[in-house]
Every structure is written in structure tokens, then in C-alpha cells.
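Participant: Just one file: my_file_35.txt, with compact mmCIF, C-alpha atoms.
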```txt
# COMPACT_ATOMS: atom_id res chain seq x y z
CA MET A 1 -30.02 15.19 -39.99
CA LYS A 2 -27.01 16.61 -38.19
CA THR A 3 -25.01 14.18 -36.06
CA ILE A 4 -24.37 15.55 -32.57
CA ASP A 5 -21.26 13.92 -31.13
CA LEU A 6 -21.24 13.89 -27.33
CA ARG A 7 -19.02 10.84 -26.84
CA SER A 8 -16.01 12.78 -25.60
CA ASP A 9 -14.26 16.13 -25.68
CA THR A 10 -11.48 14.34 -27.59
CA VAL A 11 -13.53 14.27 -30.81
CA THR A 12 -13.01 17.97 -31.58
CA LEU A 13 -11.35 18.94 -34.85
CA PRO A 14 -8.74 21.70 -35.14
CA SER A 15 -10.25 24.98 -36.30
CA GLN A 16 -8.98 26.63 -39.45
CA ALA A 17 -7.17 29.21 -37.31
CA MET A 18 -5.49 26.45 -35.30
CA ARG A 19 -4.42 24.69 -38.50
CA GLU A 20 -2.93 27.93 -39.78
CA ALA A 21 -0.99 28.36 -36.55
CA MET A 22 0.32 24.81 -36.96
CA ALA A 23 1.38 25.53 -40.54
CA ARG A 24 3.28 28.67 -39.50
CA ALA A 25 5.09 27.13 -36.52
CA PRO A 26 8.89 27.42 -36.52
CA LEU A 27 10.32 23.92 -36.26
CA GLY A 28 13.44 22.07 -35.22
CA ASP A 29 14.42 18.65 -33.91
CA ASP A 30 12.92 18.27 -30.44
CA VAL A 31 15.02 15.18 -29.67
CA TYR A 32 17.98 17.57 -29.75
CA GLY A 33 15.98 20.14 -27.81
CA GLU A 34 15.98 22.43 -30.85
CA ASP A 35 12.28 22.87 -31.67
CA PRO A 36 11.47 26.49 -30.74
CA SER A 37 7.70 25.92 -30.71
CA VAL A 38 8.04 22.99 -28.30
CA ASN A 39 10.48 24.88 -26.10
CA ARG A 40 8.16 27.89 -25.85
CA LEU A 41 5.21 25.68 -24.97
CA GLN A 42 7.19 23.86 -22.27
CA GLU A 43 8.40 27.11 -20.73
CA ARG A 44 4.89 28.56 -20.81
CA CYS A 45 3.36 25.50 -19.16
CA ALA A 46 6.04 25.29 -16.50
CA ASP A 47 5.17 28.88 -15.55
CA LEU A 48 1.41 28.19 -15.74
CA LEU A 49 1.78 25.25 -13.36
CA GLY A 50 4.37 26.86 -11.09
CA LYS A 51 7.12 24.35 -11.83
CA GLU A 52 10.76 24.57 -12.92
CA ALA A 53 10.41 22.64 -16.17
CA ALA A 54 7.95 20.82 -18.42
CA LEU A 55 7.95 18.16 -21.13
CA PHE A 56 5.64 17.86 -24.15
CA VAL A 57 4.38 14.29 -24.63
CA ALA A 58 2.05 12.56 -27.05
CA SER A 59 -0.95 11.86 -24.81
CA GLY A 60 -2.49 11.99 -21.37
CA THR A 61 -1.76 8.30 -20.91
CA MET A 62 1.89 8.88 -21.73
CA ALA A 63 2.03 11.78 -19.27
CA ASN A 64 0.53 9.62 -16.53
CA GLN A 65 2.78 6.65 -17.17
CA VAL A 66 5.96 8.67 -17.54
CA ALA A 67 5.13 10.42 -14.26
CA LEU A 68 4.54 7.15 -12.43
CA GLY A 69 7.68 5.68 -13.97
CA VAL A 70 9.73 8.61 -12.69
CA LEU A 71 8.29 8.50 -9.17
CA THR A 72 8.38 4.73 -8.51
CA ARG A 73 10.53 1.63 -8.60
CA PRO A 74 9.40 -1.97 -9.28
CA GLY A 75 7.40 -3.35 -6.37
CA ASP A 76 6.11 0.06 -5.28
CA GLU A 77 2.48 0.93 -4.74
CA VAL A 78 0.40 3.89 -5.96
CA ILE A 79 -2.52 5.02 -3.79
CA CYS A 80 -5.37 6.31 -5.93
CA ASP A 81 -9.13 6.34 -6.38
CA GLN A 82 -10.60 3.10 -7.74
CA GLY A 83 -12.00 5.01 -10.72
CA SER A 84 -8.73 6.68 -11.63
CA HIS A 85 -7.62 6.86 -15.25
CA PRO A 86 -4.32 4.93 -14.82
CA VAL A 87 -6.19 2.02 -13.22
CA ASN A 88 -9.11 1.82 -15.66
CA PHE A 89 -8.15 3.23 -19.04
CA GLU A 90 -4.44 2.70 -19.71
CA GLY A 91 -4.24 -0.96 -20.70
CA GLY A 92 -2.76 -2.23 -17.44
CA ALA A 93 0.30 -0.03 -17.96
CA MET A 94 1.32 0.31 -14.31
CA PRO A 95 2.28 -3.35 -13.79
CA ALA A 96 3.19 -3.94 -17.44
CA LEU A 97 5.61 -1.02 -17.75
CA TRP A 98 6.93 -0.33 -14.27
CA GLY A 99 6.17 -3.39 -12.12
CA ILE A 100 4.07 -1.33 -9.72
CA GLN A 101 0.58 -1.86 -8.35
CA PRO A 102 -2.36 0.35 -7.40
CA ARG A 103 -3.89 0.50 -3.93
CA THR A 104 -7.35 1.77 -4.72
CA LEU A 105 -9.71 3.65 -2.42
CA GLN A 106 -13.36 4.59 -2.81
CA GLY A 107 -13.43 8.36 -3.11
CA ASP A 108 -16.48 10.59 -3.09
CA ARG A 109 -16.96 11.06 -6.85
CA GLY A 110 -13.25 10.30 -7.12
CA ILE A 111 -12.21 12.81 -4.44
CA LEU A 112 -10.11 11.11 -1.78
CA ASP A 113 -10.32 11.56 1.98
CA PRO A 114 -6.96 12.46 3.59
CA VAL A 115 -7.73 10.30 6.66
CA GLU A 116 -8.43 7.26 4.47
CA VAL A 117 -5.33 7.92 2.40
CA GLU A 118 -3.12 8.05 5.47
CA ALA A 119 -4.66 4.83 6.79
CA ALA A 120 -3.86 3.12 3.46
CA ILE A 121 -0.14 3.92 3.58
CA ARG A 122 1.76 0.69 4.20
CA PRO A 123 3.93 0.16 7.26
CA ASP A 124 7.65 0.05 6.56
CA SER A 125 8.17 -3.69 6.37
CA GLU A 126 9.80 -6.17 4.04
CA HIS A 127 6.44 -7.94 3.80
CA PHE A 128 4.64 -5.05 2.11
CA PRO A 129 4.96 -3.08 -1.10
CA ARG A 130 6.25 0.42 -0.50
CA SER A 131 3.63 3.16 -0.66
CA ARG A 132 5.43 5.59 -2.95
CA VAL A 133 2.94 7.82 -4.79
CA LEU A 134 -0.44 9.37 -4.11
CA GLU A 135 -2.24 9.98 -7.42
CA ILE A 136 -5.25 12.29 -7.77
CA GLU A 137 -7.28 13.33 -10.82
CA ASN A 138 -8.68 16.85 -11.29
CA THR A 139 -11.27 16.97 -12.73
CA HIS A 140 -12.22 13.38 -12.06
CA ASN A 141 -13.55 11.60 -15.13
CA ARG A 142 -15.36 8.70 -13.41
CA GLY A 143 -16.59 11.18 -10.80
CA GLY A 144 -18.65 12.94 -13.44
CA GLY A 145 -16.19 15.78 -13.96
CA ALA A 146 -15.89 16.47 -10.23
CA VAL A 147 -13.65 19.38 -9.24
CA TYR A 148 -11.26 18.86 -6.33
CA PRO A 149 -11.62 21.61 -3.71
CA LEU A 150 -8.28 23.34 -3.21
CA ASP A 151 -8.27 22.71 0.53
CA ARG A 152 -8.67 18.98 -0.11
CA VAL A 153 -5.74 18.97 -2.56
CA ARG A 154 -3.61 20.78 0.02
CA ALA A 155 -4.62 18.36 2.77
CA LEU A 156 -3.71 15.38 0.61
CA ALA A 157 -0.40 16.99 -0.34
CA GLU A 158 0.38 17.47 3.34
CA VAL A 159 -0.32 13.81 4.09
CA ALA A 160 1.93 12.78 1.21
CA ARG A 161 4.71 15.14 2.26
CA ARG A 162 4.61 14.12 5.92
CA ARG A 163 4.59 10.40 5.09
CA GLY A 164 7.30 10.56 2.43
CA LEU A 165 5.14 10.00 -0.67
CA ASP A 166 5.16 11.96 -3.91
CA LEU A 167 1.89 13.50 -5.05
CA TYR A 168 1.10 13.18 -8.75
CA LEU A 169 -1.72 15.32 -10.13
CA ASP A 170 -3.34 13.91 -13.26
CA GLY A 171 -4.61 17.21 -14.60
CA ALA A 172 -5.88 16.02 -17.96
CA ARG A 173 -8.87 18.34 -17.51
CA LEU A 174 -7.21 20.64 -14.97
CA LEU A 175 -8.18 23.79 -16.83
CA ASN A 176 -11.82 22.75 -16.63
CA ALA A 177 -11.33 22.72 -12.86
CA VAL A 178 -9.61 26.11 -13.02
CA VAL A 179 -12.43 27.69 -15.01
CA ALA A 180 -15.13 26.11 -12.84
CA SER A 181 -13.54 27.05 -9.51
CA GLY A 182 -11.53 30.19 -10.23
CA VAL A 183 -8.49 28.57 -8.59
CA PRO A 184 -5.24 29.16 -10.55
CA ALA A 185 -3.60 26.06 -12.00
CA ARG A 186 -0.38 26.68 -10.07
CA ASP A 187 -2.30 26.64 -6.78
CA TYR A 188 -3.73 23.21 -7.55
CA ALA A 189 -0.28 22.00 -8.59
CA GLU A 190 1.70 23.54 -5.74
CA GLY A 191 2.09 20.41 -3.61
CA ALA A 192 2.53 17.98 -6.50
CA SER A 193 5.91 16.56 -7.45
CA LEU A 194 4.62 16.18 -11.02
CA VAL A 195 1.47 17.49 -12.73
CA SER A 196 0.04 16.93 -16.19
CA LEU A 197 -2.29 18.83 -18.49
CA CYS A 198 -3.93 17.55 -21.69
CA PHE A 199 -4.47 19.69 -24.81
CA SER A 200 -6.57 17.24 -26.85
CA LYS A 201 -9.65 17.21 -24.63
CA GLY A 202 -11.65 20.37 -23.95
CA LEU A 203 -8.89 22.61 -25.28
CA GLY A 204 -9.43 21.28 -28.79
CA ALA A 205 -5.91 20.48 -29.95
CA PRO A 206 -5.48 17.31 -32.06
CA VAL A 207 -2.87 15.68 -29.82
CA GLY A 208 -0.55 16.24 -26.89
CA SER A 209 -0.12 16.69 -23.14
CA ILE A 210 2.40 18.36 -20.88
CA LEU A 211 4.16 17.04 -17.76
CA ALA A 212 5.66 19.56 -15.35
CA GLY A 213 7.85 19.35 -12.25
CA ASP A 214 11.36 20.08 -11.04
CA ARG A 215 14.24 19.96 -13.50
CA ASP A 216 15.67 16.64 -12.27
CA ARG A 217 12.37 14.80 -12.55
CA ILE A 218 11.63 16.28 -15.96
CA ARG A 219 15.10 15.23 -17.12
CA GLU A 220 14.24 11.67 -16.08
CA ALA A 221 10.81 12.02 -17.68
CA ARG A 222 12.52 12.87 -20.95
CA ARG A 223 14.47 9.61 -20.70
CA LEU A 224 11.28 7.60 -20.12
CA ARG A 225 9.48 9.39 -22.92
CA LYS A 226 12.24 8.18 -25.23
CA ARG A 227 11.93 4.65 -23.85
CA LEU A 228 8.22 4.65 -24.68
CA GLY A 229 8.82 5.85 -28.23
CA GLY A 230 7.43 9.30 -27.52
CA ALA A 231 10.44 11.39 -28.53
CA MET A 232 9.03 13.21 -31.55
CA ARG A 233 11.14 15.19 -34.02
CA GLN A 234 9.58 18.32 -35.57
CA SER A 235 6.79 18.22 -33.00
CA GLY A 236 6.47 21.99 -32.95
CA VAL A 237 3.64 21.57 -35.45
CA LEU A 238 1.73 19.89 -32.60
CA ALA A 239 3.00 22.22 -29.90
CA ALA A 240 1.70 25.14 -31.95
CA ALA A 241 -1.80 23.68 -31.73
CA ALA A 242 -1.44 23.38 -27.96
CA SER A 243 -0.24 26.98 -27.70
CA PHE A 244 -3.17 28.15 -29.82
CA ALA A 245 -5.50 26.24 -27.51
CA LEU A 246 -4.05 27.97 -24.46
CA ASP A 247 -4.44 31.34 -26.18
CA HIS A 248 -8.03 30.89 -27.38
CA ASN A 249 -9.83 27.93 -25.82
CA VAL A 250 -9.47 28.20 -22.05
CA ALA A 251 -12.01 30.82 -20.99
CA ARG A 252 -14.60 29.34 -23.34
CA LEU A 253 -14.56 26.09 -21.33
CA ALA A 254 -17.24 27.82 -19.26
CA GLU A 255 -19.58 27.48 -22.26
CA ASP A 256 -19.08 23.71 -22.24
CA HIS A 257 -19.93 23.61 -18.54
CA GLU A 258 -23.08 25.67 -19.09
CA ASN A 259 -24.12 23.47 -22.02
CA ALA A 260 -23.71 20.33 -19.93
CA ARG A 261 -25.89 21.82 -17.22
CA ALA A 262 -28.51 22.88 -19.78
CA MET A 263 -28.62 19.37 -21.19
CA ALA A 264 -28.93 17.94 -17.67
CA VAL A 265 -31.95 20.15 -16.99
CA ALA A 266 -33.56 19.16 -20.29
CA LEU A 267 -33.02 15.43 -19.75
CA SER A 268 -34.14 15.61 -16.11
CA SER A 269 -37.61 16.64 -17.28
CA ILE A 270 -38.10 13.17 -18.86
CA PRO A 271 -39.97 10.81 -16.50
CA GLY A 272 -37.68 8.25 -14.92
CA VAL A 273 -34.45 10.00 -15.91
CA VAL A 274 -31.91 10.58 -13.12
CA VAL A 275 -28.75 12.70 -13.18
CA PRO A 276 -26.84 11.12 -10.26
CA HIS A 277 -24.01 13.64 -9.95
CA PRO A 278 -23.91 17.43 -9.80
CA VAL A 279 -22.80 18.79 -13.18
CA GLU A 280 -19.73 20.89 -12.32
CA THR A 281 -17.91 20.83 -15.64
CA ASN A 282 -18.47 19.28 -19.07
CA LEU A 283 -19.25 15.67 -18.13
CA LEU A 284 -22.84 14.56 -17.70
CA PHE A 285 -23.85 11.09 -16.46
CA VAL A 286 -27.48 10.04 -16.89
CA SER A 287 -29.55 6.98 -15.94
CA PHE A 288 -32.65 6.38 -18.05
CA GLY A 289 -34.82 4.51 -15.58
CA GLY A 290 -32.28 1.71 -15.16
CA ARG A 291 -32.26 0.79 -18.86
CA SER A 292 -29.12 -0.71 -20.40
CA ALA A 293 -26.68 2.00 -21.40
CA VAL A 294 -25.32 -0.19 -24.20
CA ASP A 295 -28.77 -0.59 -25.71
CA LEU A 296 -29.61 3.08 -25.31
CA VAL A 297 -26.51 4.45 -27.01
CA GLY A 298 -27.32 2.27 -30.00
CA ARG A 299 -30.79 3.80 -30.20
CA PHE A 300 -29.40 7.31 -29.71
CA ARG A 301 -26.95 6.74 -32.57
CA GLU A 302 -29.85 5.94 -34.90
CA ALA A 303 -31.30 9.34 -33.94
CA GLY A 304 -28.01 11.10 -34.69
CA VAL A 305 -26.83 11.53 -31.09
CA LEU A 306 -23.50 9.90 -30.20
CA ALA A 307 -22.77 9.02 -26.57
CA ASN A 308 -20.98 6.27 -24.65
CA PRO A 309 -21.87 3.91 -21.83
CA GLU A 310 -20.08 5.32 -18.79
CA GLY A 311 -18.92 1.90 -17.66
CA SER A 312 -18.98 1.97 -13.87
CA ARG A 313 -22.69 1.04 -13.86
CA PRO A 314 -24.66 -0.76 -16.56
CA ASP A 315 -27.32 1.95 -16.68
CA LEU A 316 -25.19 5.09 -16.95
CA VAL A 317 -24.75 6.99 -20.20
CA ARG A 318 -21.98 9.59 -20.43
CA PHE A 319 -22.39 12.78 -22.46
CA VAL A 320 -19.47 15.20 -22.87
CA THR A 321 -19.86 18.75 -24.15
CA HIS A 322 -17.05 20.45 -26.07
CA LEU A 323 -16.21 23.29 -28.41
CA ASP A 324 -17.70 21.59 -31.47
CA VAL A 325 -21.22 21.45 -30.00
CA SER A 326 -23.40 24.49 -29.24
CA ARG A 327 -26.24 25.16 -26.81
CA ASP A 328 -28.68 24.51 -29.65
CA ASP A 329 -26.96 21.20 -30.38
CA VAL A 330 -27.25 19.88 -26.81
CA LEU A 331 -30.89 20.94 -26.53
CA GLU A 332 -31.64 19.29 -29.87
CA ALA A 333 -29.88 16.14 -28.63
CA ALA A 334 -32.07 16.20 -25.52
CA ARG A 335 -35.19 16.55 -27.67
CA ARG A 336 -34.23 13.57 -29.83
CA ILE A 337 -33.50 11.49 -26.75
CA ALA A 338 -36.82 12.48 -25.17
CA SER A 339 -38.65 11.30 -28.29
CA LEU A 340 -37.02 7.88 -27.87
CA VAL A 341 -37.30 7.32 -24.11
CA GLY A 342 -39.99 9.73 -22.91
```
What do you get writing this file as C-alpha cells?

Facilitator:
Amino acid sequence: MKTIDLRSDTVTLPSQAMREAMARAPLGDDVYGEDPSVNRLQERCADLLGKEAALFVASGTMANQVALGVLTRPGDEVICDQGSHPVNFEGGAMPALWGIQPRTLQGDRGILDPVEVEAAIRPDSEHFPRSRVLEIENTHNRGGGAVYPLDRVRALAEVARRRGLDLYLDGARLLNAVVASGVPARDYAEGASLVSLCFSKGLGAPVGSILAGDRDRIREARRLRKRLGGAMRQSGVLAAAASFALDHNVARLAEDHENARAMAVALSSIPGVVVPHPVETNLLFVSFGGRSAVDLVGRFREAGVLANPEGSRPDLVRFVTHLDVSRDDVLEAARRIASLVG
């Protein structure tokens, strides 16, 4: 029986063609700025995101934390959705690394309201932390892969600009948003002081993210990357995988989105099953009649279907489609699940 792994789009394995590109990559010492494959990737991503410069880092978490470290000082506050990645999935890094705290709001599937954001900005007083950064996530993981409308991003950027905050765009799955909406990445990133993009999720690379912004902030980001132990040497072998992903794996993200929707339709036909969010991209959240997600994923594993409890509710299971699963795979997964819970 074939195992169908829908736990995350991070479980993909590099294709043979990607491995060959990695093997052929010209290399140098990136700590000295001499790795040509890294330099080309950084220049390409800076252009893609409409920024002056970019920095290759080890992970999406490192990109987020370096960005927040650049944009804040100890005692500052970051306004963000309560389901945001830096708050929930980065080991308490904000206070541990930078001495900063989140001010969390309840967004609509993670999408913040500009009026509520402005109301949350602290008055200028010695009694309060300083509101320094507005952080948004596109697509939003805990929002079920929700895509930020461009006009909402622009409205939030205007609030941040007018009130003296920096906007940071966590774009770990930004290209999913681009493919789903047709909005260019640089348009989403236009009002952001810093923006990230991850290569090891839907794009299928084994490791790596990019952080882009103006030259001064990226120079400081390079310093913080070093502080966190993320200054890699001949990292062009990894940058080559990211470049291959940008060349070959962006447009096909639409297939992942279609497969997630097909699986949602198939599961919705099971009595008692509820899909609580619209399926816009490659993340699918499902409630199986209120049953325990922890118990269910154990049963699904026995049937050769891997998934994860979503975490924000005890009854939600998260399925994520990616380039290593086909339409036939997701429909077969739905059939196996139906045989267990139908």
C-alpha cells in the first residue's frame, strides 16, 4: 500500500533534475560574499520582490526572526494575528532572542483589519511598549492558506507608514498567493520594509528562504544571520536548488491548489464532515463530526494517509497538497478516509 503524505508541503524530496542542478552549481565562500550561485539567487529574488537587496538564509523561521531583529529593539512590540507563525511555531523566539513581545489580534482567517490594527498601536508613553512592527502572513497558515487581498495589504501598509511602523511580510508561501490571485510578488511586497519567501515548502527545495529589503536593512540582516549561526559557506549547492525551484516549480503550484480543492469536495461528501474554510491554495482543514484530530490522524496513518492535527481546534485535521502527491493520490486518500469515518 502506498503511503500518501499530506502532513506538509515541507516533506517533498528534491527531484533528480534538482539534484543535478545542485551538483553542477558553481561555489564559493558565501561568508566572504563569493558564492556565485548564492549571489545570483539573491539578485534574482530582490528583483522578484521589488527590493534593493536580498539575503539567503537557512529557513523561514530564521527569515522571520532576522527580520524582526532588524526592525525592533528590546522592549518593542510587534502587532500581528494571533495565529501568526512567529507567535505559534518558532519556539518563543521573539522574547528569547530580541526581548520583544507580540500584540496579537483576531484576524479573519489571519487577515487583519486596518481599523483594528490602528486601534492597537500604543500611545507614545513611557508606560507602554513601543509599537514598532506590523507583521502579516501571506498566505496565512492558520487561516487555512488564506490569500491576502492586495487592497488589504496596501491599506495595512498605509496604516503602518502613517503611524511610523515597519511592515514585515512573512511570505513563506507568497508564491502560492501569487499563483492563486495573479498579483505579482513585488506588488504584495511594495509597502513592506522586509519580505521573506521560503523555498522548502511548495517550491520543493530541500532547505532555504530569502529575506529582501533595502540595502541597509539587508546589511544588518546579514549581521544577525551570523549571530544566529546561519552564515553558511559553500551554500550555493542549496541556492541552486532554490533557483531550480523558481525556474520549474512556481506555475505548477496551481496543481496543488486544484488537488486540495478536489480532496475537499471528496471529503465533504462524507456525512458529518465539514470543511470550515474556503480552499484557496494548498492547505485544507477538515472537521470529522467533532472527533478528536489526534485520534483520527493515528487511524489515518494505519490506512497509509499521513496528516497532522491543525492545532487551533481539537477537531481540525490539516492536509497539505504538494508536488509529490498527484490528483489520484489525494482522491485515493479521501477514499481511504471515507472507509474509516463514513

Participant: Between CA of Arg215 (chain A) and CA of Glu43 (chain A), what is the distance in Å, rounded to a tenth?

Facilitator: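 If I compute the distance from CA of Arg215 (chain A) to CA of Glu43 (chain A), I get 11.7 Å.
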
Participant: If you count all atoms listed in the file, which residues fall within 7 Å of Leu134 (chain A), apart from same-chain ones fewer than 5 positions away, as a list in words?

Facilitator: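 That gives Val78, Ile79, Cys80, Ala160, Leu165, Asp166, Leu167 and Tyr168 of chain A.
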
Participant: From the list A:Phe300, A:Phe285, A:Trp98, A:Phe199, which residue is nearest Val57 (chain A) when using only C-alpha atoms?

Facilitator: A:Phe199

Participant: When you look at Gly99 (chain A) with a cut-off of 8 Å (counting all atoms listed in the file), what residues show up, excluding the ones that are within fewer than 3 positions of it in the same chain? I need them as a list in words.

Facilitator: Arg73, Pro74, Gly75, Asp76, Met94, Pro95 and Ala96 of chain A

Participant: Excluding Val183 (chain A) and any residue of its chain fewer than 4 positions from it, enumerate the residues within 12 Å of it, using all atoms listed in the file, and give them as a list in words.

Facilitator: Leu49, Val147, Tyr148, Pro149, Leu150, Asp151, Val153, Leu174, Leu175, Asn176, Ala177, Val178, Val179, Asp187, Tyr188, Ala189 and Glu190 of chain A

Participant: Have a look at A:Leu13, A:Ala155, A:Ala221, A:Val286 and name the one nearest to Val274 (chain A); count only C-alpha atoms.

Facilitator: A:Val286

Participant: Quick one: residues within 6 Å of Asp214 (chain A), only C-alpha atoms, excluding same-chain residues fewer than 2 positions away - as a PDB file with C-alpha atoms, in the frame of the given file?

Facilitator:
```pdb
ATOM      1  CA  GLU A  52      10.760  24.570 -12.920  1.00  0.00           C
ATOM      2  CA  ALA A  53      10.410  22.640 -16.170  1.00  0.00           C
ATOM      3  CA  ASP A 216      15.670  16.640 -12.270  1.00  0.00           C
ATOM      4  CA  ARG A 217      12.370  14.800 -12.550  1.00  0.00           C
TER       5      ARG A 217
END
```

Participant: Taking only N, CA and C atoms, show region 7-39 of chain A of the given structure as a PDB file, in the first residue's frame.

Facilitator:
```pdb
ATOM      1  N   ARG A   7       1.053  15.640   5.317  1.00  0.00           N
ATOM      2  CA  ARG A   7       1.316  16.377   6.554  1.00  0.00           C
ATOM      3  C   ARG A   7       1.706  17.821   6.283  1.00  0.00           C
ATOM      4  N   SER A   8       2.506  18.036   5.243  1.00  0.00           N
ATOM      5  CA  SER A   8       3.019  19.379   4.978  1.00  0.00           C
ATOM      6  C   SER A   8       3.619  19.415   3.583  1.00  0.00           C
ATOM      7  N   ASP A   9       3.726  20.610   3.023  1.00  0.00           N
ATOM      8  CA  ASP A   9       4.452  20.761   1.763  1.00  0.00           C
ATOM      9  C   ASP A   9       5.958  20.867   1.987  1.00  0.00           C
ATOM     10  N   THR A  10       6.404  20.656   3.217  1.00  0.00           N
ATOM     11  CA  THR A  10       7.842  20.606   3.509  1.00  0.00           C
ATOM     12  C   THR A  10       8.418  19.196   3.375  1.00  0.00           C
ATOM     13  N   VAL A  11       7.573  18.200   3.117  1.00  0.00           N
ATOM     14  CA  VAL A  11       8.053  16.814   3.076  1.00  0.00           C
ATOM     15  C   VAL A  11       8.540  16.418   1.684  1.00  0.00           C
ATOM     16  N   THR A  12       8.470  17.316   0.722  1.00  0.00           N
ATOM     17  CA  THR A  12       8.888  16.992  -0.643  1.00  0.00           C
ATOM     18  C   THR A  12      10.376  16.656  -0.697  1.00  0.00           C
ATOM     19  N   LEU A  13      10.734  15.802  -1.636  1.00  0.00           N
ATOM     20  CA  LEU A  13      12.128  15.441  -1.863  1.00  0.00           C
ATOM     21  C   LEU A  13      12.614  16.072  -3.159  1.00  0.00           C
ATOM     22  N   PRO A  14      13.873  16.504  -3.218  1.00  0.00           N
ATOM     23  CA  PRO A  14      14.389  17.091  -4.457  1.00  0.00           C
ATOM     24  C   PRO A  14      14.294  16.089  -5.613  1.00  0.00           C
ATOM     25  N   SER A  15      13.841  16.569  -6.748  1.00  0.00           N
ATOM     26  CA  SER A  15      13.798  15.712  -7.939  1.00  0.00           C
ATOM     27  C   SER A  15      15.222  15.422  -8.413  1.00  0.00           C
ATOM     28  N   GLN A  16      15.339  14.444  -9.293  1.00  0.00           N
ATOM     29  CA  GLN A  16      16.656  14.134  -9.849  1.00  0.00           C
ATOM     30  C   GLN A  16      17.221  15.338 -10.581  1.00  0.00           C
ATOM     31  N   ALA A  17      16.369  16.053 -11.309  1.00  0.00           N
ATOM     32  CA  ALA A  17      16.845  17.237 -12.035  1.00  0.00           C
ATOM     33  C   ALA A  17      17.327  18.318 -11.073  1.00  0.00           C
ATOM     34  N   MET A  18      16.633  18.484  -9.953  1.00  0.00           N
ATOM     35  CA  MET A  18      17.069  19.467  -8.960  1.00  0.00           C
ATOM     36  C   MET A  18      18.403  19.045  -8.355  1.00  0.00           C
ATOM     37  N   ARG A  19      18.562  17.761  -8.070  1.00  0.00           N
ATOM     38  CA  ARG A  19      19.830  17.277  -7.508  1.00  0.00           C
ATOM     39  C   ARG A  19      20.971  17.493  -8.488  1.00  0.00           C
ATOM     40  N   GLU A  20      20.702  17.306  -9.762  1.00  0.00           N
ATOM     41  CA  GLU A  20      21.746  17.532 -10.765  1.00  0.00           C
ATOM     42  C   GLU A  20      22.121  19.004 -10.825  1.00  0.00           C
ATOM     43  N   ALA A  21      21.138  19.888 -10.711  1.00  0.00           N
ATOM     44  CA  ALA A  21      21.435  21.320 -10.685  1.00  0.00           C
ATOM     45  C   ALA A  21      22.277  21.675  -9.466  1.00  0.00           C
ATOM     46  N   MET A  22      21.988  21.046  -8.334  1.00  0.00           N
ATOM     47  CA  MET A  22      22.780  21.277  -7.130  1.00  0.00           C
ATOM     48  C   MET A  22      24.217  20.801  -7.327  1.00  0.00           C
ATOM     49  N   ALA A  23      24.375  19.655  -7.966  1.00  0.00           N
ATOM     50  CA  ALA A  23      25.719  19.102  -8.171  1.00  0.00           C
ATOM     51  C   ALA A  23      26.554  19.973  -9.111  1.00  0.00           C
ATOM     52  N   ARG A  24      25.899  20.645 -10.049  1.00  0.00           N
ATOM     53  CA  ARG A  24      26.621  21.457 -11.038  1.00  0.00           C
ATOM     54  C   ARG A  24      26.875  22.886 -10.579  1.00  0.00           C
ATOM     55  N   ALA A  25      26.330  23.286  -9.454  1.00  0.00           N
ATOM     56  CA  ALA A  25      26.369  24.697  -9.046  1.00  0.00           C
ATOM     57  C   ALA A  25      27.794  25.183  -8.829  1.00  0.00           C
ATOM     58  N   PRO A  26      28.158  26.318  -9.416  1.00  0.00           N
ATOM     59  CA  PRO A  26      29.458  26.937  -9.081  1.00  0.00           C
ATOM     60  C   PRO A  26      29.411  27.454  -7.643  1.00  0.00           C
ATOM     61  N   LEU A  27      30.501  27.237  -6.912  1.00  0.00           N
ATOM     62  CA  LEU A  27      30.503  27.512  -5.482  1.00  0.00           C
ATOM     63  C   LEU A  27      31.626  28.461  -5.090  1.00  0.00           C
ATOM     64  N   GLY A  28      31.441  29.085  -3.952  1.00  0.00           N
ATOM     65  CA  GLY A  28      32.458  29.914  -3.318  1.00  0.00           C
ATOM     66  C   GLY A  28      32.108  30.027  -1.850  1.00  0.00           C
ATOM     67  N   ASP A  29      32.775  30.900  -1.143  1.00  0.00           N
ATOM     68  CA  ASP A  29      32.524  31.078   0.282  1.00  0.00           C
ATOM     69  C   ASP A  29      31.554  32.240   0.462  1.00  0.00           C
ATOM     70  N   ASP A  30      30.307  31.913   0.842  1.00  0.00           N
ATOM     71  CA  ASP A  30      29.289  32.953   0.955  1.00  0.00           C
ATOM     72  C   ASP A  30      29.558  33.903   2.104  1.00  0.00           C
ATOM     73  N   VAL A  31      30.268  33.467   3.148  1.00  0.00           N
ATOM     74  CA  VAL A  31      30.583  34.385   4.244  1.00  0.00           C
ATOM     75  C   VAL A  31      31.429  35.547   3.741  1.00  0.00           C
ATOM     76  N   TYR A  32      32.242  35.275   2.720  1.00  0.00           N
ATOM     77  CA  TYR A  32      33.002  36.345   2.068  1.00  0.00           C
ATOM     78  C   TYR A  32      32.227  36.989   0.924  1.00  0.00           C
ATOM     79  N   GLY A  33      31.003  36.554   0.709  1.00  0.00           N
ATOM     80  CA  GLY A  33      30.217  37.089  -0.395  1.00  0.00           C
ATOM     81  C   GLY A  33      30.658  36.589  -1.755  1.00  0.00           C
ATOM     82  N   GLU A  34      31.319  35.416  -1.780  1.00  0.00           N
ATOM     83  CA  GLU A  34      31.968  34.950  -3.003  1.00  0.00           C
ATOM     84  C   GLU A  34      31.311  33.719  -3.619  1.00  0.00           C
ATOM     85  N   ASP A  35      30.106  33.354  -3.174  1.00  0.00           N
ATOM     86  CA  ASP A  35      29.439  32.202  -3.791  1.00  0.00           C
ATOM     87  C   ASP A  35      28.565  32.697  -4.938  1.00  0.00           C
ATOM     88  N   PRO A  36      28.935  32.402  -6.189  1.00  0.00           N
ATOM     89  CA  PRO A  36      28.192  32.961  -7.323  1.00  0.00           C
ATOM     90  C   PRO A  36      26.751  32.469  -7.392  1.00  0.00           C
ATOM     91  N   SER A  37      26.490  31.246  -6.970  1.00  0.00           N
ATOM     92  CA  SER A  37      25.120  30.727  -7.015  1.00  0.00           C
ATOM     93  C   SER A  37      24.229  31.437  -6.002  1.00  0.00           C
ATOM     94  N   VAL A  38      24.768  31.711  -4.821  1.00  0.00           N
ATOM     95  CA  VAL A  38      24.024  32.468  -3.816  1.00  0.00           C
ATOM     96  C   VAL A  38      23.798  33.895  -4.299  1.00  0.00           C
ATOM     97  N   ASN A  39      24.832  34.515  -4.835  1.00  0.00           N
ATOM     98  CA  ASN A  39      24.704  35.902  -5.273  1.00  0.00           C
ATOM     99  C   ASN A  39      23.652  36.045  -6.374  1.00  0.00           C
TER     100      ASN A  39
END
```
